[in-house]
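First the structure, in the form of structure tokens, and then the observations on it.
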Amino acid sequence: MTDTADGGAGGSLRQFVFDVASIPGHTNAEMLAGSPDAEHFFEVLGRDLVTRTLVQTDKLCVYHETAKPGERVKSHRHGTYQVNYLLRGELRFGNQRVTAGMGYFSPDMLYSWTAGDEGAEWIEIHSGMGGIFTDRPGS
């Protein structure tokens with residue numbers, strides 16, 4: 001899978017084509033296994049969100065995300081500008097309902113969401129490598 005992340009062991013970037021269906025997805029439980037902070041992150045992000053990494057560089061990260069019906073994440077931010085573009089289903093950001101063909105932008109602000117009755121599938125784009133923060137920027 002070196003074609004999807006950072007250009008492989010050599011680190012030089014190149015153009016590539018990808019097929020989301022051929023990229024393995026990993027749950028939060030899988031990605032955080034063994035981490036000393038895992039339980040804290042499970043409390044915020046849950047265990048079941050499935051992430052496929054499409055592009056991951058210092059300047060741009062693109063992920064394919066899938067959430068089960070009713071799945072939710074608590075208030076958090078990533079330290080980046082972020083765009084979510086819905087492919088299928090629904091995400092509710094507070095009282096804002098976002099469905100297929102719609103998007104959500106966050107300029108490094110706290111947000112939370114709940115997946116709709118059919119779950120959700122979306123592309124998540126970040127302006128670089130982010131983290132998971134539960135405080136307000138600058139606090």
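Convention: chains lettered A, B, ... in structure tokens order; per-chain residue numbering from 1; ligands numbered from 1 as shown.
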
Q) Do you know which residues are at most 8 Å from segment 66-82 of chain A counting only C-alpha atoms, after dropping those on the same chain fewer than 6 positions away, and could you put them as JSON, numbers by chain? A) {"A": [43, 44, 45, 46, 48, 49, 50, 51, 105, 106, 107, 108, 109, 110, 111, 112, 113, 114, 115, 116, 117, 118, 119, 120, 121, 122, 124, 125, 126, 127, 128, 129, 130, 131, 132, 133, 134, 135, 137]}

Could those selected residues go to a file with N, CA and C atoms, as a CSV table (one decimal), in the first residue's frame?
```csv
chain,number,residue,atom,x,y,z
A,43,GLU,N,-13.4,7.0,24.1
A,43,GLU,CA,-14.4,7.8,24.7
A,43,GLU,C,-14.9,9.0,23.8
A,44,VAL,N,-13.9,9.6,23.1
A,44,VAL,CA,-14.2,10.7,22.2
A,44,VAL,C,-14.7,10.2,20.8
A,45,LEU,N,-13.9,9.2,20.3
A,45,LEU,CA,-14.1,8.8,18.9
A,45,LEU,C,-14.9,7.5,18.7
A,46,GLY,N,-15.1,6.8,19.7
A,46,GLY,CA,-15.7,5.4,19.6
A,46,GLY,C,-14.6,4.4,19.1
A,48,ASP,N,-15.5,2.0,16.5
A,48,ASP,CA,-15.9,1.3,15.3
A,48,ASP,C,-15.8,2.1,14.0
A,49,LEU,N,-15.5,3.4,14.0
A,49,LEU,CA,-15.3,4.2,12.8
A,49,LEU,C,-14.2,3.5,12.0
A,50,VAL,N,-14.5,3.3,10.7
A,50,VAL,CA,-13.5,2.6,9.8
A,50,VAL,C,-12.9,3.7,8.9
A,51,THR,N,-11.5,3.7,8.9
A,51,THR,CA,-10.8,4.7,8.2
A,51,THR,C,-9.9,4.0,7.1
A,105,PHE,N,-17.2,22.1,6.6
A,105,PHE,CA,-15.9,22.7,6.7
A,105,PHE,C,-15.7,23.1,8.2
A,106,SER,N,-14.5,22.8,8.7
A,106,SER,CA,-14.1,23.2,10.0
A,106,SER,C,-12.7,23.8,10.0
A,107,PRO,N,-12.6,25.1,10.3
A,107,PRO,CA,-11.3,25.7,10.4
A,107,PRO,C,-10.6,25.5,11.8
A,108,ASP,N,-10.3,24.2,12.1
A,108,ASP,CA,-9.7,23.8,13.4
A,108,ASP,C,-10.5,24.3,14.5
A,109,MET,N,-11.8,24.0,14.5
A,109,MET,CA,-12.7,24.3,15.6
A,109,MET,C,-13.3,22.9,16.1
A,110,LEU,N,-13.7,22.9,17.4
A,110,LEU,CA,-14.4,21.8,17.9
A,110,LEU,C,-15.7,21.4,17.2
A,111,TYR,N,-15.9,20.1,17.0
A,111,TYR,CA,-17.1,19.7,16.3
A,111,TYR,C,-17.4,18.3,16.8
A,112,SER,N,-18.6,17.9,16.7
A,112,SER,CA,-19.1,16.5,17.0
A,112,SER,C,-20.1,16.1,15.9
A,113,TRP,N,-20.3,14.8,15.8
A,113,TRP,CA,-21.4,14.4,14.8
A,113,TRP,C,-22.0,13.1,15.3
A,114,THR,N,-23.2,12.8,14.7
A,114,THR,CA,-23.9,11.5,14.9
A,114,THR,C,-24.3,11.1,13.5
A,115,ALA,N,-24.0,9.8,13.2
A,115,ALA,CA,-24.4,9.2,11.9
A,115,ALA,C,-25.9,9.0,11.9
A,116,GLY,N,-26.5,9.1,10.7
A,116,GLY,CA,-27.9,8.9,10.5
A,116,GLY,C,-28.3,7.4,10.6
A,117,ASP,N,-29.6,7.1,10.4
A,117,ASP,CA,-30.1,5.8,10.5
A,117,ASP,C,-29.5,4.8,9.6
A,118,GLU,N,-28.9,5.2,8.5
A,118,GLU,CA,-28.3,4.3,7.5
A,118,GLU,C,-26.8,4.4,7.6
A,119,GLY,N,-26.2,5.0,8.6
A,119,GLY,CA,-24.8,5.2,8.7
A,119,GLY,C,-24.3,6.3,7.8
A,120,ALA,N,-23.1,6.3,7.5
A,120,ALA,CA,-22.5,7.4,6.6
A,120,ALA,C,-21.2,6.9,6.0
A,121,GLU,N,-20.9,7.5,4.9
A,121,GLU,CA,-19.6,7.2,4.2
A,121,GLU,C,-19.2,8.6,3.6
A,122,TRP,N,-17.9,9.0,3.8
A,122,TRP,CA,-17.5,10.3,3.4
A,122,TRP,C,-16.0,10.3,3.1
A,124,GLU,N,-12.7,12.6,4.0
A,124,GLU,CA,-12.3,13.6,4.9
A,124,GLU,C,-10.9,14.1,4.5
A,125,ILE,N,-10.8,15.4,4.3
A,125,ILE,CA,-9.6,16.1,3.8
A,125,ILE,C,-9.1,17.0,4.9
A,126,HIS,N,-7.8,16.9,5.2
A,126,HIS,CA,-7.1,17.7,6.2
A,126,HIS,C,-6.0,18.5,5.5
A,127,SER,N,-5.7,19.7,6.0
A,127,SER,CA,-4.6,20.5,5.5
A,127,SER,C,-3.3,20.2,6.2
A,128,GLY,N,-3.0,18.9,6.2
A,128,GLY,CA,-1.7,18.4,6.8
A,128,GLY,C,-2.0,17.3,7.8
A,129,MET,N,-1.0,17.0,8.5
A,129,MET,CA,-1.1,15.9,9.5
A,129,MET,C,-1.7,16.5,10.8
A,130,GLY,N,-2.8,16.0,11.2
A,130,GLY,CA,-3.5,16.5,12.3
A,130,GLY,C,-3.3,15.6,13.5
A,131,GLY,N,-4.0,16.0,14.6
A,131,GLY,CA,-4.0,15.2,15.8
A,131,GLY,C,-5.4,15.1,16.3
A,132,ILE,N,-5.6,14.7,17.5
A,132,ILE,CA,-7.0,14.7,18.1
A,132,ILE,C,-6.9,15.5,19.4
A,133,PHE,N,-7.6,16.6,19.4
A,133,PHE,CA,-7.6,17.5,20.5
A,133,PHE,C,-9.0,17.8,21.0
A,134,THR,N,-9.2,17.9,22.3
A,134,THR,CA,-10.6,18.1,22.9
A,134,THR,C,-10.7,19.5,23.5
A,135,ASP,N,-9.6,20.3,23.3
A,135,ASP,CA,-9.7,21.7,23.8
A,135,ASP,C,-9.9,22.7,22.7
A,137,PRO,N,-8.8,25.7,20.2
A,137,PRO,CA,-7.5,26.2,19.7
A,137,PRO,C,-7.0,27.4,20.6
```

Q: May I have all residues of chain A that DSSP, computed from the backbone, assigns to alpha helix (DSSP H), given as a list in words?
A: Asn28, Ala29, Glu30, Met31, Ala38, Glu39, His40, Phe41, Phe42, Glu43, Val44 and Leu45 of chain A

Q.
For the strand (DSSP E or B) assignment from backbone DSSP, which residues of segment 20-114 of chain A qualify? Please present them as a PyMOL selection string.
A. chain A and resi 26-27+50-56+61-67+72-77+81-93+96-99+103-107+111-114

Selection from above, C-alpha atoms, as a compact mmCIF listing (two decimals), in the first residue's frame, can you write it?
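Output file result-v5.txt follows:
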```txt
# COMPACT_ATOMS: atom_id res chain seq x y z
CA HIS A 26 -9.07 -0.08 10.01
CA THR A 27 -11.29 0.64 13.00
CA VAL A 50 -13.52 2.64 9.80
CA THR A 51 -10.75 4.69 8.16
CA ARG A 52 -8.99 4.08 4.86
CA THR A 53 -5.93 6.27 4.24
CA LEU A 54 -5.91 7.56 0.65
CA VAL A 55 -3.20 10.25 0.92
CA GLN A 56 -1.09 11.18 3.93
CA CYS A 61 -4.26 14.09 4.24
CA VAL A 62 -7.27 12.42 2.62
CA TYR A 63 -9.25 9.63 4.27
CA HIS A 64 -12.27 7.54 3.36
CA GLU A 65 -14.48 7.11 6.45
CA THR A 66 -17.40 4.81 7.20
CA ALA A 67 -19.66 5.03 10.27
CA ARG A 72 -21.17 9.32 17.08
CA VAL A 73 -18.04 11.20 18.02
CA LYS A 74 -17.81 13.69 20.85
CA SER A 75 -16.50 17.23 20.56
CA HIS A 76 -12.94 17.33 19.16
CA ARG A 77 -10.76 19.00 16.55
CA TYR A 81 -8.50 22.87 8.27
CA GLN A 82 -10.90 20.04 7.49
CA VAL A 83 -13.48 19.27 4.80
CA ASN A 84 -15.87 16.32 4.97
CA TYR A 85 -17.72 15.43 1.75
CA LEU A 86 -20.59 12.97 2.18
CA LEU A 87 -20.84 10.12 -0.33
CA ARG A 88 -23.67 8.18 1.31
CA GLY A 89 -25.93 8.42 4.33
CA GLU A 90 -26.08 11.27 6.80
CA LEU A 91 -24.00 13.00 9.46
CA ARG A 92 -25.60 15.43 11.91
CA PHE A 93 -23.33 18.20 13.18
CA GLN A 96 -27.00 20.73 10.76
CA ARG A 97 -27.96 17.70 8.66
CA VAL A 98 -25.36 16.80 5.99
CA THR A 99 -26.31 14.22 3.35
CA GLY A 103 -20.03 18.87 2.87
CA TYR A 104 -18.85 20.31 6.14
CA PHE A 105 -15.87 22.65 6.71
CA SER A 106 -14.12 23.19 10.03
CA PRO A 107 -11.26 25.70 10.40
CA TYR A 111 -17.12 19.68 16.34
CA SER A 112 -19.06 16.48 16.96
CA TRP A 113 -21.35 14.39 14.80
CA THR A 114 -23.86 11.55 14.86
```

(Q) For a test of reading the model, state the distance in Å between atom CA of Ser139 of chain A and atom CA of His40 of chain A, rounded to one decimal. (A)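 That distance, rounded to one decimal, is 19.4 Å.
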